[in-house]
Amino acid sequence: MKLKRQLLVASLFMLALPWAGCQYVKETESALRAGQLQALEATGQAVVALLAQQDWQLDTPTYQHESTVLESDAEPVKKQTEHPSLFAPERPWRIIMDGYPDEWQSMPVRRLQHDDFAANLRLFTRKDRLYMLLEVEDRQRLYFDPTRGTANNGDHLVIRNGHGRDYLLAASAPGEMIARYQQGNRTRYQREIAGYWLDTSKGYNIELSMPLSLVNGRLGLYLVNASPLASEQQHLSHYEFSAQSLPPRLITTDNRLTQALELFTHAGLEMRVVDNQGWQRATAGEIDLSGYQASGSAPSHGALRALYRAILQRPPMPPKNESSLFGQWQTSDLSQAQDGHITKGWYQQSNQQDRSLLSVALPIPSPKGVTAGVLVLEQSSESYLSLTDRAFGRLFLASSLALLIGASGLFGYASWLSWRIRKLNQATQQVFDSNGQFNGDSKTRAFQISRANDEIGDLSRSYGELLERVQQYTDYLQTLSRKLSHELRTPLAVVHSSLDNLTLQADERATKSTDESDRQMYQLRAKEGANRLSHLLTAMSEASRLEESISHGDAEMEKLDLAIMFTELTAAYNDIYQNHKINLQTDNPPLVALISPELIVQMMDKIVDNAVGFAPIESEILITLQRTEKSILICVENKGPLLPKKMQHQLFDNMVSMRDKKAADDSTHLGLGLHIVRLIVEHHQGKANAENLSDNSGVRFAISLPH
């Protein structure tokens, strides 16, 4: 895989940036959840503190004792049996009294049925009036006949209020209806009750309105399906209707309590107050199920919104138990709140699977010290998700931009690195021709070394040094044949000429003119030539034999005092090299080290021989021994030509020599001596170094051996 592709794949790790951002958004969302819960609870406690200052009489009907009809006008009610209450929620809209149910579709329905006689009941309040719609299913309608003596002939509706007064509504034809009631022996009209009869395909509808003060907190409905035969009449009611029965309670909204709640409501928050039986007595605000947007914020894009919801995916929440359709709430939260405990939690909205609902229920204390009711506050998760939507949108765009910039930067950087590596590759290939030989001479085949201070620059410089060493080694190999030819031709010529002279002498022996001394001289010269050939072959194989000996562990190691050993070696070197002065300087003995004596002697022979070969006649060669903290330092200094800078680190390599001609003693020099020195030093785990003297008068070889 190309470097650009590798770095492009590596840039995928930058996806950790948006992942970390998403984790941060998750933590932020959790903090906002906790903050919203605390804020909602604090709001609820403030409302409860306000409500607790007054007695809202949540256990009594709202409009009791406010009727315009006196209690004495009605017959006494003797039976006080409680029946299921009716609930009429508060609604702000006005309706037209025409009998059509179009405006009632959103209202809860209570089903009344007895055999095949049935009706749907809907109720709501607006300001101080009660509105009612009865959708009666009747196969045979029978209108009221005013010519008949009885007032309750035909299909009709009886409404009983909290005083036990019955109002009868009947219609002689579709249209407006007037309520009548009996006062003593007289029939009176109650024109505050407005009604309308509308025939339908299934029967008829009765739509009416009446003052809440006339209801007086209780409402009973008794529907009569008349028939020509009295035995076939059908009756329908939502409670056990009798002459002395007390109608059920009518639960309505307390406007004063609603106004008190509206002081604390805001967008997306719904509050309601329920009594101890679960009936809703006041409500304010509304949960925004269509999506809440904070003030001044723009809606987030649908795709980002869906992505955000997917990132914030949480374990399923319990569904929120909805109240019954008739205004009575029965939930575990309410039960605990009615017992005096604050309950709060997150729930799943029934009609919005991707949204959650925060609900807090707080008990409302009464002046008597008991729980009078419960305050319920509900808020959708949209109220804070709209804020995190904006934050996530910005984070997503910033992360995407950063990812794009990072990937582009890495791709550009990879292209630049690839260009540098290709350039280095091309420069390396141009040094050699197709046969692996160097192109051009030593001046034209120079390798362009990079000056960059990075790894590629280091690699370029390493390549340059490697190519230089290969070049020097190649040059040495190219001159090796000439050196060997020169070294081998001379002793062979000596041997050949000596043999020719001996042959010639053998022919002249017959004439007895040959001198015996000449014959011996020719034999000696032939022997010297053969010895020189043997020495040459020995020098060529010495390094290989030494390396093999070291690898097989043939050299025995022992602890010796180098001061004593080098004193003896210095005396021997002065006897061998009488044209030079070889001196020794040592620190205070002993200088003990673990060495192989044979190898150390061989090493010193090579170093001293090399120093003698370059030092002028009658010059001094100084050998020093010094003890350091971790090693013993052996130095050999000689006057003479300096080392080229490029050769200082290559002098100990194999087949590297600075001599182009024979030495004065006709010995061979194939560049193996100092290589043998390096092998011996490395075997002793030491270091070898060659450098020019500080005054540029000569060269110093330094050997460091651990002690």
# chains A, B, ... in the order shown; residues from 1 in each chain; ligands from 1
>>> residues_around(residues="stretch 258-270 of chain A", least_positions_apart="6", cutoff="8 Å", atoms="only C-alpha atoms", output="number ranges by chain")
A: 43, 47, 51, 282-288, 292, 377-380, 383
>>> select_by_dssp(residues="stretch 558-605 of chain A", states="strand (DSSP E)", output="tab-separated table (two decimals) with N, CA, C and O atoms, in the first residue's frame")
chain	number	residue	atom	x	y	z
A	558	GLU	N	41.75	-14.45	30.58
A	558	GLU	CA	42.30	-14.48	31.92
A	558	GLU	C	42.60	-13.06	32.37
A	558	GLU	O	42.75	-12.15	31.56
A	559	LYS	N	42.66	-12.88	33.69
A	559	LYS	CA	42.94	-11.58	34.25
A	559	LYS	C	44.45	-11.38	34.34
A	559	LYS	O	45.16	-12.17	34.97
A	560	LEU	N	44.92	-10.29	33.69
A	560	LEU	CA	46.35	-9.98	33.68
A	560	LEU	C	46.55	-8.51	33.98
A	560	LEU	O	45.67	-7.68	33.73
A	561	ASP	N	47.74	-8.19	34.49
A	561	ASP	CA	48.14	-6.80	34.72
A	561	ASP	C	48.73	-6.27	33.41
A	561	ASP	O	49.81	-6.70	32.97
A	581	LYS	N	61.80	5.14	18.22
A	581	LYS	CA	61.83	5.14	19.68
A	581	LYS	C	60.42	4.84	20.19
A	581	LYS	O	59.50	5.64	19.99
A	582	ILE	N	60.25	3.70	20.81
A	582	ILE	CA	58.94	3.28	21.32
A	582	ILE	C	58.98	3.39	22.84
A	582	ILE	O	59.75	2.68	23.51
A	583	ASN	N	58.14	4.29	23.39
A	583	ASN	CA	58.10	4.55	24.83
A	583	ASN	C	56.73	4.17	25.39
A	583	ASN	O	55.71	4.15	24.68
A	584	LEU	N	56.70	3.91	26.70
A	584	LEU	CA	55.48	3.48	27.41
A	584	LEU	C	55.26	4.39	28.60
A	584	LEU	O	56.18	4.64	29.39
A	585	GLN	N	54.00	4.87	28.76
A	585	GLN	CA	53.57	5.64	29.93
A	585	GLN	C	52.35	4.95	30.52
A	585	GLN	O	51.39	4.68	29.80
A	586	THR	N	52.38	4.68	31.84
A	586	THR	CA	51.26	3.99	32.49
A	586	THR	C	50.89	4.71	33.76
A	586	THR	O	51.71	5.40	34.38
A	592	VAL	N	44.63	-4.27	35.98
A	592	VAL	CA	44.17	-5.63	35.70
A	592	VAL	C	42.92	-5.58	34.83
A	592	VAL	O	42.00	-4.78	35.07
A	593	ALA	N	42.87	-6.46	33.82
A	593	ALA	CA	41.71	-6.57	32.93
A	593	ALA	C	41.57	-8.02	32.50
A	593	ALA	O	42.55	-8.78	32.48
A	594	LEU	N	40.33	-8.41	32.16
A	594	LEU	CA	40.06	-9.76	31.67
A	594	LEU	C	40.29	-9.77	30.17
A	594	LEU	O	39.50	-9.19	29.40
A	595	ILE	N	41.40	-10.42	29.72
A	595	ILE	CA	41.78	-10.37	28.31
A	595	ILE	C	42.23	-11.74	27.83
A	595	ILE	O	42.43	-12.67	28.62
>>> closest_residue(among="A:Ala506, A:Ile621, A:Leu130, A:Leu499", to="A:Lys527", atoms="only C-alpha atoms")
A:Leu499
>>> residues_around(residues="stretch 623-638 of chain A", least_positions_apart="2", cutoff="10 Å", atoms="only C-alpha atoms", output="VMD selection string")
chain A and resid 562 to 563 566 to 567 570 582 to 593 604 607 to 608 610 to 616 619 to 621 640 to 641 686 to 693 697 to 707
>>> residues_around(residues="A:Arg110", least_positions_apart="5", cutoff="7 Å", atoms="only C-alpha atoms", output="PyMOL selection string")
chain A and resi 120-122
>>> atom_distance(atom1="atom CA of A:Ala361", atom2="atom CA of A:Arg272")
9.7 Å
>>> residues_around(residues="stretch 422-425 of chain A", least_positions_apart="6", cutoff="10 Å", atoms="only C-alpha atoms", output="JSON, numbers by chain")
{"A": [416, 447, 448, 449, 450, 456, 457, 459, 460, 463]}
>>> write_last_selection(atoms="N, CA, C and O atoms", output="PDB file, in the first residue's frame")
ATOM      1  N   TRP A 416       3.998  14.900   0.055  1.00  0.00           N
ATOM      2  CA  TRP A 416       5.316  15.501   0.198  1.00  0.00           C
ATOM      3  C   TRP A 416       6.353  14.463   0.623  1.00  0.00           C
ATOM      4  O   TRP A 416       7.467  14.423   0.086  1.00  0.00           O
ATOM      5  N   PHE A 447      26.639  11.731  -4.435  1.00  0.00           N
ATOM      6  CA  PHE A 447      25.241  11.559  -4.004  1.00  0.00           C
ATOM      7  C   PHE A 447      24.775  12.832  -3.296  1.00  0.00           C
ATOM      8  O   PHE A 447      25.469  13.359  -2.427  1.00  0.00           O
ATOM      9  N   GLN A 448      23.601  13.338  -3.707  1.00  0.00           N
ATOM     10  CA  GLN A 448      23.064  14.557  -3.120  1.00  0.00           C
ATOM     11  C   GLN A 448      22.492  14.248  -1.734  1.00  0.00           C
ATOM     12  O   GLN A 448      21.472  13.569  -1.609  1.00  0.00           O
ATOM     13  N   ILE A 449      23.138  14.740  -0.702  1.00  0.00           N
ATOM     14  CA  ILE A 449      22.729  14.467   0.675  1.00  0.00           C
ATOM     15  C   ILE A 449      21.766  15.554   1.138  1.00  0.00           C
ATOM     16  O   ILE A 449      22.017  16.749   0.946  1.00  0.00           O
ATOM     17  N   SER A 450      20.646  15.117   1.751  1.00  0.00           N
ATOM     18  CA  SER A 450      19.652  16.065   2.243  1.00  0.00           C
ATOM     19  C   SER A 450      20.140  16.725   3.525  1.00  0.00           C
ATOM     20  O   SER A 450      20.848  16.120   4.336  1.00  0.00           O
ATOM     21  N   ILE A 456      13.926  11.260   7.292  1.00  0.00           N
ATOM     22  CA  ILE A 456      14.293  11.086   5.878  1.00  0.00           C
ATOM     23  C   ILE A 456      15.642  11.738   5.613  1.00  0.00           C
ATOM     24  O   ILE A 456      16.464  11.230   4.832  1.00  0.00           O
ATOM     25  N   GLY A 457      15.916  12.890   6.255  1.00  0.00           N
ATOM     26  CA  GLY A 457      17.240  13.493   6.137  1.00  0.00           C
ATOM     27  C   GLY A 457      18.318  12.588   6.702  1.00  0.00           C
ATOM     28  O   GLY A 457      19.402  12.439   6.105  1.00  0.00           O
ATOM     29  N   LEU A 459      18.113   9.344   6.916  1.00  0.00           N
ATOM     30  CA  LEU A 459      18.231   8.231   5.976  1.00  0.00           C
ATOM     31  C   LEU A 459      19.070   8.638   4.764  1.00  0.00           C
ATOM     32  O   LEU A 459      19.900   7.851   4.278  1.00  0.00           O
ATOM     33  N   SER A 460      18.864   9.866   4.267  1.00  0.00           N
ATOM     34  CA  SER A 460      19.654  10.345   3.131  1.00  0.00           C
ATOM     35  C   SER A 460      21.136  10.413   3.490  1.00  0.00           C
ATOM     36  O   SER A 460      21.997   9.997   2.700  1.00  0.00           O
ATOM     37  N   TYR A 463      22.463   6.930   3.694  1.00  0.00           N
ATOM     38  CA  TYR A 463      22.673   6.431   2.338  1.00  0.00           C
ATOM     39  C   TYR A 463      23.964   7.007   1.744  1.00  0.00           C
ATOM     40  O   TYR A 463      24.732   6.312   1.070  1.00  0.00           O
TER      41      TYR A 463
END
>>> atom_distance(atom1="atom CA of A:Leu477", atom2="atom CA of A:Glu548")
22.8 Å
